[in-house]
>>> print(open('model_20.tsv').read())   # TSV, N, CA and C atoms and all ligand atoms
chain	number	residue	atom	x	y	z
N	1	MET	N	-28.38	12.77	3.28
N	1	MET	CA	-27.18	13.59	3.10
N	1	MET	C	-27.21	14.27	1.73
N	2	ARG	N	-26.75	15.51	1.70
N	2	ARG	CA	-26.74	16.23	0.43
N	2	ARG	C	-25.71	15.63	-0.52
N	3	LYS	N	-26.03	15.70	-1.81
N	3	LYS	CA	-25.16	15.09	-2.80
N	3	LYS	C	-23.76	15.72	-2.79
N	4	THR	N	-23.72	17.04	-2.58
N	4	THR	CA	-22.41	17.71	-2.57
N	4	THR	C	-21.55	17.20	-1.42
N	5	ASP	N	-22.19	16.93	-0.26
N	5	ASP	CA	-21.43	16.39	0.87
N	5	ASP	C	-20.93	14.99	0.55
N	6	LEU	N	-21.81	14.22	-0.07
N	6	LEU	CA	-21.48	12.84	-0.41
N	6	LEU	C	-20.28	12.79	-1.35
N	7	ILE	N	-20.27	13.68	-2.33
N	7	ILE	CA	-19.17	13.73	-3.29
N	7	ILE	C	-17.87	14.11	-2.58
N	8	LYS	N	-18.01	15.03	-1.62
N	8	LYS	CA	-16.85	15.47	-0.87
N	8	LYS	C	-16.25	14.29	-0.08
N	9	PHE	N	-17.12	13.53	0.57
N	9	PHE	CA	-16.65	12.38	1.35
N	9	PHE	C	-16.03	11.33	0.44
N	10	LYS	N	-16.66	11.12	-0.71
N	10	LYS	CA	-16.13	10.12	-1.64
N	10	LYS	C	-14.71	10.48	-2.04
N	11	LYS	N	-14.50	11.77	-2.29
N	11	LYS	CA	-13.18	12.24	-2.70
N	11	LYS	C	-12.17	12.02	-1.57
N	12	ILE	N	-12.58	12.33	-0.35
N	12	ILE	CA	-11.70	12.11	0.82
N	12	ILE	C	-11.29	10.65	0.90
N	13	PHE	N	-12.27	9.76	0.74
N	13	PHE	CA	-12.00	8.32	0.86
N	13	PHE	C	-11.11	7.81	-0.26
N	14	GLU	N	-11.35	8.31	-1.47
N	14	GLU	CA	-10.54	7.84	-2.60
N	14	GLU	C	-9.09	8.26	-2.44
N	15	GLU	N	-8.90	9.50	-1.95
N	15	GLU	CA	-7.53	9.95	-1.72
N	15	GLU	C	-6.86	9.16	-0.61
N	16	GLN	N	-7.65	8.89	0.43
N	16	GLN	CA	-7.12	8.13	1.56
N	16	GLN	C	-6.76	6.71	1.11
N	17	ARG	N	-7.59	6.14	0.26
N	17	ARG	CA	-7.33	4.79	-0.22
N	17	ARG	C	-6.05	4.73	-1.04
N	18	ASN	N	-5.88	5.72	-1.92
N	18	ASN	CA	-4.65	5.76	-2.72
N	18	ASN	C	-3.41	5.86	-1.83
N	19	GLN	N	-3.52	6.71	-0.82
N	19	GLN	CA	-2.41	6.90	0.11
N	19	GLN	C	-2.10	5.59	0.84
N	20	LEU	N	-3.16	4.92	1.30
N	20	LEU	CA	-2.99	3.67	2.05
N	20	LEU	C	-2.38	2.58	1.17
N	21	LEU	N	-2.83	2.52	-0.07
N	21	LEU	CA	-2.31	1.50	-0.98
N	21	LEU	C	-0.82	1.73	-1.23
N	22	MET	N	-0.46	3.01	-1.36
N	22	MET	CA	0.94	3.35	-1.55
N	22	MET	C	1.76	2.96	-0.32
N	23	ASN	N	1.21	3.27	0.86
N	23	ASN	CA	1.91	2.93	2.11
N	23	ASN	C	2.11	1.43	2.24
N	24	THR	N	1.05	0.66	1.99
N	24	THR	CA	1.18	-0.78	2.18
N	24	THR	C	2.16	-1.37	1.17
N	25	ALA	N	2.19	-0.83	-0.03
N	25	ALA	CA	3.16	-1.31	-1.02
N	25	ALA	C	4.58	-1.05	-0.53
N	26	PHE	N	4.76	0.10	0.08
N	26	PHE	CA	6.05	0.50	0.61
N	26	PHE	C	6.45	-0.42	1.77
N	27	ILE	N	5.49	-0.71	2.65
N	27	ILE	CA	5.77	-1.59	3.79
N	27	ILE	C	6.10	-3.00	3.29
N	28	ASP	N	5.33	-3.46	2.30
N	28	ASP	CA	5.58	-4.80	1.73
N	28	ASP	C	7.01	-4.91	1.21
N	29	GLU	N	7.45	-3.87	0.54
N	29	GLU	CA	8.80	-3.86	-0.01
N	29	GLU	C	9.82	-4.08	1.11
N	30	GLY	N	9.62	-3.38	2.24
N	30	GLY	CA	10.50	-3.50	3.38
N	30	GLY	C	10.45	-4.90	3.98
N	31	LEU	N	9.26	-5.49	3.97
N	31	LEU	CA	9.10	-6.82	4.55
N	31	LEU	C	9.82	-7.88	3.74
N	32	MET	N	9.97	-7.62	2.46
N	32	MET	CA	10.56	-8.65	1.60
N	32	MET	C	12.09	-8.64	1.62
N	33	VAL	N	12.65	-7.52	2.13
N	33	VAL	CA	14.11	-7.43	2.16
N	33	VAL	C	14.68	-8.43	3.16
N	34	ARG	N	15.54	-9.30	2.69
N	34	ARG	CA	16.18	-10.26	3.59
N	34	ARG	C	17.68	-10.26	3.33
N	35	GLU	N	18.41	-10.16	4.43
N	35	GLU	CA	19.85	-10.22	4.30
N	35	GLU	C	20.35	-11.37	5.15
N	36	ASP	N	21.12	-12.24	4.54
N	36	ASP	CA	21.55	-13.44	5.25
N	36	ASP	C	22.79	-13.24	6.09
N	37	ASP	N	23.64	-12.30	5.65
N	37	ASP	CA	24.92	-12.16	6.35
N	37	ASP	C	24.87	-11.12	7.48
N	38	LYS	N	23.94	-11.35	8.41
N	38	LYS	CA	23.80	-10.43	9.54
N	38	LYS	C	24.33	-11.09	10.81
N	39	ASP	N	24.94	-10.27	11.69
N	39	ASP	CA	25.27	-10.83	13.00
N	39	ASP	C	24.03	-10.78	13.88
N	40	GLU	N	24.15	-11.24	15.13
N	40	GLU	CA	22.97	-11.37	15.99
N	40	GLU	C	22.29	-10.05	16.29
N	41	VAL	N	23.13	-9.00	16.55
N	41	VAL	CA	22.56	-7.69	16.87
N	41	VAL	C	21.77	-7.16	15.68
N	42	ASP	N	22.36	-7.27	14.52
N	42	ASP	CA	21.67	-6.84	13.31
N	42	ASP	C	20.37	-7.61	13.16
N	43	GLN	N	20.47	-8.90	13.43
N	43	GLN	CA	19.29	-9.75	13.27
N	43	GLN	C	18.20	-9.34	14.25
N	44	ALA	N	18.60	-9.04	15.50
N	44	ALA	CA	17.62	-8.61	16.51
N	44	ALA	C	16.96	-7.31	16.09
N	45	ASN	N	17.79	-6.37	15.61
N	45	ASN	CA	17.22	-5.11	15.14
N	45	ASN	C	16.29	-5.32	13.96
N	46	ALA	N	16.69	-6.21	13.10
N	46	ALA	CA	15.88	-6.48	11.93
N	46	ALA	C	14.55	-7.11	12.35
N	47	ASP	N	14.60	-7.96	13.38
N	47	ASP	CA	13.36	-8.59	13.87
N	47	ASP	C	12.41	-7.55	14.45
N	48	ILE	N	12.99	-6.60	15.23
N	48	ILE	CA	12.16	-5.54	15.81
N	48	ILE	C	11.52	-4.72	14.69
N	49	GLU	N	12.36	-4.38	13.70
N	49	GLU	CA	11.85	-3.58	12.61
N	49	GLU	C	10.74	-4.33	11.87
N	50	GLN	N	10.98	-5.62	11.70
N	50	GLN	CA	10.01	-6.45	11.01
N	50	GLN	C	8.66	-6.45	11.74
N	51	SER	N	8.71	-6.58	13.07
N	51	SER	CA	7.45	-6.66	13.80
N	51	SER	C	6.78	-5.29	13.84
N	52	MET	N	7.59	-4.21	13.82
N	52	MET	CA	6.98	-2.88	13.74
N	52	MET	C	6.28	-2.69	12.40
N	53	ARG	N	6.92	-3.20	11.36
N	53	ARG	CA	6.31	-3.11	10.03
N	53	ARG	C	5.01	-3.90	9.98
N	54	MET	N	5.04	-5.07	10.63
N	54	MET	CA	3.83	-5.89	10.63
N	54	MET	C	2.68	-5.17	11.33
N	55	GLN	N	3.01	-4.55	12.47
N	55	GLN	CA	1.99	-3.80	13.21
N	55	GLN	C	1.42	-2.67	12.36
N	56	LEU	N	2.35	-1.97	11.73
N	56	LEU	CA	1.96	-0.85	10.88
N	56	LEU	C	1.07	-1.34	9.74
N	57	LYS	N	1.48	-2.46	9.16
N	57	LYS	CA	0.73	-3.02	8.05
N	57	LYS	C	-0.68	-3.44	8.48
N	58	ASN	N	-0.76	-4.05	9.68
N	58	ASN	CA	-2.08	-4.43	10.19
N	58	ASN	C	-2.98	-3.22	10.37
N	59	ARG	N	-2.37	-2.15	10.91
N	59	ARG	CA	-3.16	-0.94	11.13
N	59	ARG	C	-3.61	-0.35	9.80
N	60	GLU	N	-2.69	-0.33	8.83
N	60	GLU	CA	-3.03	0.21	7.52
N	60	GLU	C	-4.12	-0.63	6.86
N	61	SER	N	-4.01	-1.96	6.99
N	61	SER	CA	-5.02	-2.83	6.38
N	61	SER	C	-6.38	-2.59	7.01
N	62	PHE	N	-6.38	-2.38	8.33
N	62	PHE	CA	-7.63	-2.14	9.03
N	62	PHE	C	-8.27	-0.84	8.52
N	63	THR	N	-7.46	0.21	8.41
N	63	THR	CA	-7.99	1.48	7.93
N	63	THR	C	-8.48	1.35	6.50
N	64	LEU	N	-7.69	0.63	5.69
N	64	LEU	CA	-8.06	0.45	4.30
N	64	LEU	C	-9.42	-0.24	4.18
N	65	ARG	N	-9.64	-1.22	5.06
N	65	ARG	CA	-10.91	-1.93	5.04
N	65	ARG	C	-12.06	-0.98	5.38
N	66	SER	N	-11.86	-0.13	6.40
N	66	SER	CA	-12.91	0.82	6.77
N	66	SER	C	-13.20	1.78	5.62
N	67	VAL	N	-12.13	2.21	4.94
N	67	VAL	CA	-12.29	3.16	3.83
N	67	VAL	C	-13.05	2.49	2.69
N	68	ASN	N	-12.68	1.24	2.38
N	68	ASN	CA	-13.37	0.52	1.31
N	68	ASN	C	-14.85	0.30	1.64
N	69	GLU	N	-15.11	0.00	2.91
N	69	GLU	CA	-16.51	-0.20	3.31
N	69	GLU	C	-17.30	1.09	3.20
N	70	ALA	N	-16.65	2.21	3.57
N	70	ALA	CA	-17.31	3.51	3.47
N	70	ALA	C	-17.63	3.83	2.01
N	71	LEU	N	-16.67	3.54	1.12
N	71	LEU	CA	-16.90	3.79	-0.32
N	71	LEU	C	-18.05	2.93	-0.83
N	72	LYS	N	-18.12	1.70	-0.33
N	72	LYS	CA	-19.20	0.80	-0.74
N	72	LYS	C	-20.55	1.36	-0.28
N	73	ARG	N	-20.56	1.89	0.95
N	73	ARG	CA	-21.81	2.46	1.48
N	73	ARG	C	-22.22	3.68	0.67
N	74	ILE	N	-21.23	4.46	0.20
N	74	ILE	CA	-21.56	5.62	-0.63
N	74	ILE	C	-22.24	5.14	-1.92
N	75	ASP	N	-21.66	4.09	-2.54
N	75	ASP	CA	-22.23	3.55	-3.78
N	75	ASP	C	-23.63	2.99	-3.56
N	76	GLU	N	-23.82	2.36	-2.41
N	76	GLU	CA	-25.12	1.73	-2.13
N	76	GLU	C	-26.14	2.75	-1.63
N	77	GLY	N	-25.67	3.96	-1.32
N	77	GLY	CA	-26.58	5.00	-0.86
N	77	GLY	C	-26.89	4.92	0.63
N	78	SER	N	-26.13	4.11	1.37
N	78	SER	CA	-26.41	4.01	2.81
N	78	SER	C	-25.37	4.75	3.65
N	79	TYR	N	-24.46	5.46	2.97
N	79	TYR	CA	-23.43	6.17	3.72
N	79	TYR	C	-24.05	7.28	4.57
N	80	GLY	N	-23.57	7.40	5.80
N	80	GLY	CA	-24.08	8.47	6.67
N	80	GLY	C	-25.29	8.04	7.47
N	81	GLU	N	-25.72	6.77	7.30
N	81	GLU	CA	-26.82	6.25	8.11
N	81	GLU	C	-26.24	5.42	9.25
N	82	CYS	N	-26.87	5.53	10.41
N	82	CYS	CA	-26.41	4.74	11.54
N	82	CYS	C	-26.75	3.26	11.31
N	83	GLU	N	-25.75	2.40	11.51
N	83	GLU	CA	-25.94	0.96	11.31
N	83	GLU	C	-26.97	0.39	12.28
N	84	ASN	N	-27.09	1.05	13.41
N	84	ASN	CA	-27.93	0.51	14.47
N	84	ASN	C	-29.37	1.01	14.40
N	85	CYS	N	-29.56	2.33	14.31
N	85	CYS	CA	-30.93	2.87	14.36
N	85	CYS	C	-31.38	3.46	13.02
N	86	ASN	N	-30.51	3.44	12.01
N	86	ASN	CA	-30.80	3.96	10.68
N	86	ASN	C	-31.06	5.47	10.60
N	87	ASP	N	-30.83	6.17	11.70
N	87	ASP	CA	-30.93	7.63	11.66
N	87	ASP	C	-29.70	8.18	10.95
N	88	PRO	N	-29.82	9.37	10.36
N	88	PRO	CA	-28.62	9.96	9.76
N	88	PRO	C	-27.58	10.28	10.84
N	89	ILE	N	-26.34	9.95	10.56
N	89	ILE	CA	-25.25	10.29	11.48
N	89	ILE	C	-24.98	11.78	11.35
N	90	GLU	N	-24.75	12.46	12.49
N	90	GLU	CA	-24.50	13.89	12.48
N	90	GLU	C	-23.35	14.22	11.54
N	91	LEU	N	-23.53	15.24	10.70
N	91	LEU	CA	-22.51	15.61	9.72
N	91	LEU	C	-21.20	16.01	10.41
N	92	ARG	N	-21.35	16.66	11.56
N	92	ARG	CA	-20.16	17.07	12.31
N	92	ARG	C	-19.34	15.86	12.72
N	93	ARG	N	-20.05	14.80	13.09
N	93	ARG	CA	-19.38	13.56	13.51
N	93	ARG	C	-18.66	12.94	12.32
N	94	LEU	N	-19.31	12.95	11.16
N	94	LEU	CA	-18.70	12.36	9.96
N	94	LEU	C	-17.48	13.17	9.51
N	95	GLN	N	-17.58	14.49	9.71
N	95	GLN	CA	-16.43	15.31	9.32
N	95	GLN	C	-15.23	15.01	10.20
N	96	ALA	N	-15.50	14.72	11.47
N	96	ALA	CA	-14.41	14.40	12.40
N	96	ALA	C	-13.93	12.97	12.17
N	97	ARG	N	-14.86	12.08	11.83
N	97	ARG	CA	-14.51	10.67	11.67
N	97	ARG	C	-15.33	10.09	10.50
N	98	PRO	N	-14.82	10.29	9.28
N	98	PRO	CA	-15.60	9.95	8.09
N	98	PRO	C	-16.03	8.48	7.99
N	99	THR	N	-15.27	7.57	8.66
N	99	THR	CA	-15.63	6.16	8.55
N	99	THR	C	-16.62	5.70	9.63
N	100	ALA	N	-17.15	6.65	10.41
N	100	ALA	CA	-18.08	6.29	11.48
N	100	ALA	C	-19.31	5.58	10.91
N	101	THR	N	-19.75	4.54	11.62
N	101	THR	CA	-20.95	3.82	11.16
N	101	THR	C	-22.09	3.89	12.17
N	102	LEU	N	-21.83	4.54	13.30
N	102	LEU	CA	-22.88	4.69	14.32
N	102	LEU	C	-23.08	6.17	14.64
N	103	CYS	N	-24.33	6.55	14.92
N	103	CYS	CA	-24.58	7.93	15.34
N	103	CYS	C	-24.06	8.10	16.77
N	104	ILE	N	-24.00	9.35	17.22
N	104	ILE	CA	-23.41	9.60	18.54
N	104	ILE	C	-24.15	8.84	19.64
N	105	ALA	N	-25.49	8.87	19.59
N	105	ALA	CA	-26.28	8.21	20.63
N	105	ALA	C	-25.97	6.71	20.69
N	106	CYS	N	-25.91	6.06	19.53
N	106	CYS	CA	-25.64	4.61	19.50
N	106	CYS	C	-24.20	4.32	19.89
N	107	LYS	N	-23.29	5.20	19.49
N	107	LYS	CA	-21.90	5.01	19.84
N	107	LYS	C	-21.72	5.10	21.36
N	108	GLU	N	-22.39	6.08	21.95
N	108	GLU	CA	-22.29	6.23	23.41
N	108	GLU	C	-22.88	5.02	24.12
N	109	GLU	N	-23.97	4.54	23.58
N	109	GLU	CA	-24.62	3.35	24.14
N	109	GLU	C	-23.66	2.15	24.07
N	110	GLU	N	-23.02	2.02	22.90
N	110	GLU	CA	-22.08	0.91	22.70
N	110	GLU	C	-20.91	1.00	23.69
N	111	GLU	N	-20.42	2.24	23.87
N	111	GLU	CA	-19.29	2.41	24.79
N	111	GLU	C	-19.69	2.12	26.23
N	112	LYS	N	-20.93	2.50	26.57
N	112	LYS	CA	-21.43	2.21	27.92
N	112	LYS	C	-21.48	0.70	28.13
N	113	GLN	N	-21.97	-0.01	27.12
N	113	GLN	CA	-22.07	-1.47	27.23
N	113	GLN	C	-20.69	-2.11	27.34
N	114	ASN	N	-19.75	-1.60	26.54
N	114	ASN	CA	-18.38	-2.11	26.62
N	114	ASN	C	-17.81	-1.88	28.01
N	115	ALA	N	-18.05	-0.67	28.53
N	115	ALA	CA	-17.52	-0.32	29.85
N	115	ALA	C	-18.12	-1.23	30.91
N	116	SER	N	-19.43	-1.47	30.84
N	116	SER	CA	-20.03	-2.31	31.88
N	116	SER	C	-19.62	-3.76	31.70
N	117	ALA	N	-19.33	-4.16	30.47
N	117	ALA	CA	-18.83	-5.52	30.23
N	117	ALA	C	-17.47	-5.69	30.89
N	118	ILE	N	-16.62	-4.66	30.75
N	118	ILE	CA	-15.30	-4.71	31.36
N	118	ILE	C	-15.42	-4.70	32.89
N	119	LEU	N	-16.32	-3.80	33.39
N	119	LEU	CA	-16.51	-3.72	34.83
N	119	LEU	C	-17.05	-5.03	35.37
N	120	GLY	N	-18.03	-5.60	34.68
N	120	GLY	CA	-18.62	-6.86	35.09
N	120	GLY	C	-17.57	-7.95	35.18
N	121	HIS	N	-16.67	-7.93	34.19
N	121	HIS	CA	-15.59	-8.90	34.15
N	121	HIS	C	-14.69	-8.75	35.38
N	122	LYS	N	-14.40	-7.47	35.72
N	122	LYS	CA	-13.53	-7.19	36.87
N	122	LYS	C	-14.18	-7.68	38.15
N	123	PHE	N	-15.50	-7.47	38.24
N	123	PHE	CA	-16.22	-7.90	39.43
N	123	PHE	C	-16.11	-9.41	39.63
N	124	GLN	N	-16.30	-10.13	38.55
N	124	GLN	CA	-16.18	-11.58	38.62
N	124	GLN	C	-14.79	-11.97	39.08
N	125	TYR	N	-13.84	-11.19	38.60
N	125	TYR	CA	-12.45	-11.47	38.89
N	125	TYR	C	-12.17	-11.32	40.38
N	126	VAL	N	-12.76	-10.25	40.98
N	126	VAL	CA	-12.56	-9.97	42.40
N	126	VAL	C	-13.18	-11.07	43.25
N	127	HIS	N	-14.39	-11.50	42.89
N	127	HIS	CA	-15.05	-12.56	43.65
N	127	HIS	C	-14.33	-13.85	43.40
C	201	ZN	ZN	-27.93	5.31	15.88
>>> encode(input="model_20.tsv", output="structure tokens")
Amino acid sequence: MRKTDLIKFKKIFEEQRNQLLMNTAFIDEGLMVREDDKDEVDQANADIEQSMRMQLKNRESFTLRSVNEALKRIDEGSYGECENCNDPIELRRLQARPTATLCIACKEEEEKQNASAILGHKFQYVH
């Protein structure tokens, strides 16, 4: 990968990481709010909100982990290489999905295997 592209991706990831850290801090703040004098309806709503926040937080943490791993790969010089076949991942693919770790061919192969695993499971289920 060209150095200019690499720098561009690094910048994208750093900005994304800052944004994610800000979001998770904001979600944490919401999670810590506790009010004791709530009636049941309030409490139910608060519980729903709490679980939505948890889901959101899990998703944010997952993305943050991918971003951190991508930044690590940039530092190690392995960013943009397919984890499976070590071929360079298509630049177009990285532009669409910067945290991708598999090239299109390997990704398609993986999806095919997942699909047949699911199908195989269904077959067993039917029998
Ligand atoms: Zn590959």
>>> residues_around(input="model_20.tsv", residues="segment 8-22 of chain N", least_positions_apart="5", cutoff="8 Å", atoms="all atoms listed in the file", output="ChimeraX atom specification")
/N:2-3,27-28,60-61,63-64,67-68,70-71,74,98
>>> residues_near_ligand(input="model_20.tsv", ligand="ligand ZN 201 (chain C)", cutoff="6 Å", atoms="only N, CA and C atoms and all ligand atoms", output="count of residues only")
12
>>> atom_distance(input="model_20.tsv", atom1="atom CA of Lys112 of chain N", atom2="atom CA of Ala96 of chain N")
20.9 Å
>>> atom_distance(input="model_20.tsv", atom1="atom C of Ser51 of chain N", atom2="atom C of Leu31 of chain N")
10.9 Å
>>> select_by_dssp(input="model_20.tsv", residues="segment 22-59 of chain N", states="helix (DSSP H, G or I)", output="JSON, numbers by chain")
{"N": [22, 23, 24, 25, 26, 27, 28, 29, 30, 31, 32, 40, 41, 42, 43, 44, 45, 46, 47, 48, 49, 50, 51, 52, 53, 54, 55, 56, 57, 58, 59]}
>>> axis_aligned_box(input="model_20.tsv", around="segment 46-63 of chain N", padding_each_side="6 Å", output="AutoDock Vina command-line options")
--center_x 4.1 --center_y -3.6 --center_z 11.1 --size_x 37.2 --size_y 22.1 --size_z 21.4
>>> closest_residue(input="model_20.tsv", among="N:Leu94, N:Ile89, N:Leu56, N:Ala117", to="Ala25 of chain N", atoms="only C-alpha atoms")
N:Leu56
>>> closest_residue(input="model_20.tsv", among="N:Arg92, N:Glu29, N:Ser116, N:Thr4", to="Arg53 of chain N", atoms="only C-alpha atoms")
N:Glu29
>>> closest_residue(input="model_20.tsv", among="N:Thr101, N:Ser66, N:Asn23, N:Asn45", to="Ser78 of chain N", atoms="only C-alpha atoms")
N:Thr101
>>> atom_distance(input="model_20.tsv", atom1="atom CA of Leu91 of chain N", atom2="atom CA of Asn58 of chain N")
28.6 Å
>>> closest_residue(input="model_20.tsv", among="N:Gly30, N:Gly120, N:Pro88, N:Gly77", to="Lys57 of chain N", atoms="only C-alpha atoms")
N:Gly30
>>> closest_residue(input="model_20.tsv", among="N:Val41, N:Asp47, N:Gly80, N:Asp75", to="Arg97 of chain N", atoms="only C-alpha atoms")
N:Gly80
>>> decode(input="model_20.tsv", residues="segment 70-79 of chain N", atoms="all heavy atoms", output="short mmCIF file (atom, residue, chain, number, x, y, z; two decimals), in the first residue's frame")
data_model
loop_
_atom_site.label_atom_id
_atom_site.label_comp_id
_atom_site.auth_asym_id
_atom_site.auth_seq_id
_atom_site.Cartn_x
_atom_site.Cartn_y
_atom_site.Cartn_z
N ALA N 70 -6.88 -2.13 13.74
CA ALA N 70 -6.45 -1.59 12.45
C ALA N 70 -5.27 -0.65 12.63
O ALA N 70 -4.30 -0.69 11.87
CB ALA N 70 -7.61 -0.89 11.77
N LEU N 71 -5.33 0.19 13.67
CA LEU N 71 -4.23 1.13 13.94
C LEU N 71 -2.95 0.35 14.28
O LEU N 71 -1.86 0.74 13.86
CB LEU N 71 -4.59 2.06 15.10
CG LEU N 71 -5.46 3.27 14.73
CD1 LEU N 71 -6.03 3.93 15.97
CD2 LEU N 71 -4.65 4.29 13.92
N LYS N 72 -3.11 -0.74 15.00
CA LYS N 72 -1.95 -1.57 15.35
C LYS N 72 -1.34 -2.17 14.09
O LYS N 72 -0.12 -2.21 13.93
CB LYS N 72 -2.40 -2.68 16.31
CG LYS N 72 -1.28 -3.22 17.17
CD LYS N 72 -1.80 -4.21 18.19
CE LYS N 72 -0.98 -5.48 18.15
NZ LYS N 72 -1.75 -6.70 18.38
N ARG N 73 -2.22 -2.62 13.18
CA ARG N 73 -1.72 -3.20 11.93
C ARG N 73 -0.99 -2.15 11.10
O ARG N 73 -0.01 -2.46 10.43
CB ARG N 73 -2.87 -3.82 11.12
CG ARG N 73 -3.38 -5.12 11.71
CD ARG N 73 -4.16 -5.92 10.67
NE ARG N 73 -5.31 -5.20 10.15
CZ ARG N 73 -6.51 -5.17 10.74
NH1 ARG N 73 -6.71 -5.82 11.86
NH2 ARG N 73 -7.50 -4.49 10.20
N ILE N 74 -1.47 -0.90 11.14
CA ILE N 74 -0.79 0.17 10.41
C ILE N 74 0.62 0.34 10.98
O ILE N 74 1.61 0.40 10.25
CB ILE N 74 -1.58 1.50 10.48
CG1 ILE N 74 -2.84 1.39 9.61
CG2 ILE N 74 -0.71 2.67 10.01
CD1 ILE N 74 -3.73 2.62 9.62
N ASP N 75 0.73 0.37 12.33
CA ASP N 75 2.03 0.52 12.97
C ASP N 75 2.96 -0.65 12.65
O ASP N 75 4.16 -0.47 12.47
CB ASP N 75 1.87 0.65 14.49
CG ASP N 75 1.36 2.03 14.88
OD1 ASP N 75 1.50 2.97 14.06
OD2 ASP N 75 0.81 2.18 15.98
N GLU N 76 2.39 -1.84 12.60
CA GLU N 76 3.21 -3.03 12.36
C GLU N 76 3.52 -3.22 10.88
O GLU N 76 4.32 -4.07 10.51
CB GLU N 76 2.48 -4.28 12.87
CG GLU N 76 2.46 -4.37 14.39
CD GLU N 76 1.53 -5.48 14.87
OE1 GLU N 76 0.75 -6.01 14.05
OE2 GLU N 76 1.58 -5.80 16.07
N GLY N 77 2.84 -2.44 10.03
CA GLY N 77 3.09 -2.52 8.59
C GLY N 77 2.32 -3.65 7.91
O GLY N 77 2.62 -4.00 6.78
N SER N 78 1.35 -4.24 8.61
CA SER N 78 0.59 -5.32 7.99
C SER N 78 -0.81 -4.88 7.57
O SER N 78 -1.60 -5.69 7.12
CB SER N 78 0.50 -6.53 8.93
OG SER N 78 -0.22 -6.18 10.09
N TYR N 79 -1.09 -3.58 7.71
CA TYR N 79 -2.42 -3.11 7.35
C TYR N 79 -2.65 -3.26 5.85
O TYR N 79 -1.76 -2.97 5.05
CB TYR N 79 -2.61 -1.64 7.75
CG TYR N 79 -3.98 -1.12 7.35
CD1 TYR N 79 -5.09 -1.49 8.06
CD2 TYR N 79 -4.13 -0.30 6.24
CE1 TYR N 79 -6.36 -1.06 7.68
CE2 TYR N 79 -5.37 0.13 5.85
CZ TYR N 79 -6.49 -0.25 6.58
OH TYR N 79 -7.73 0.18 6.20
#
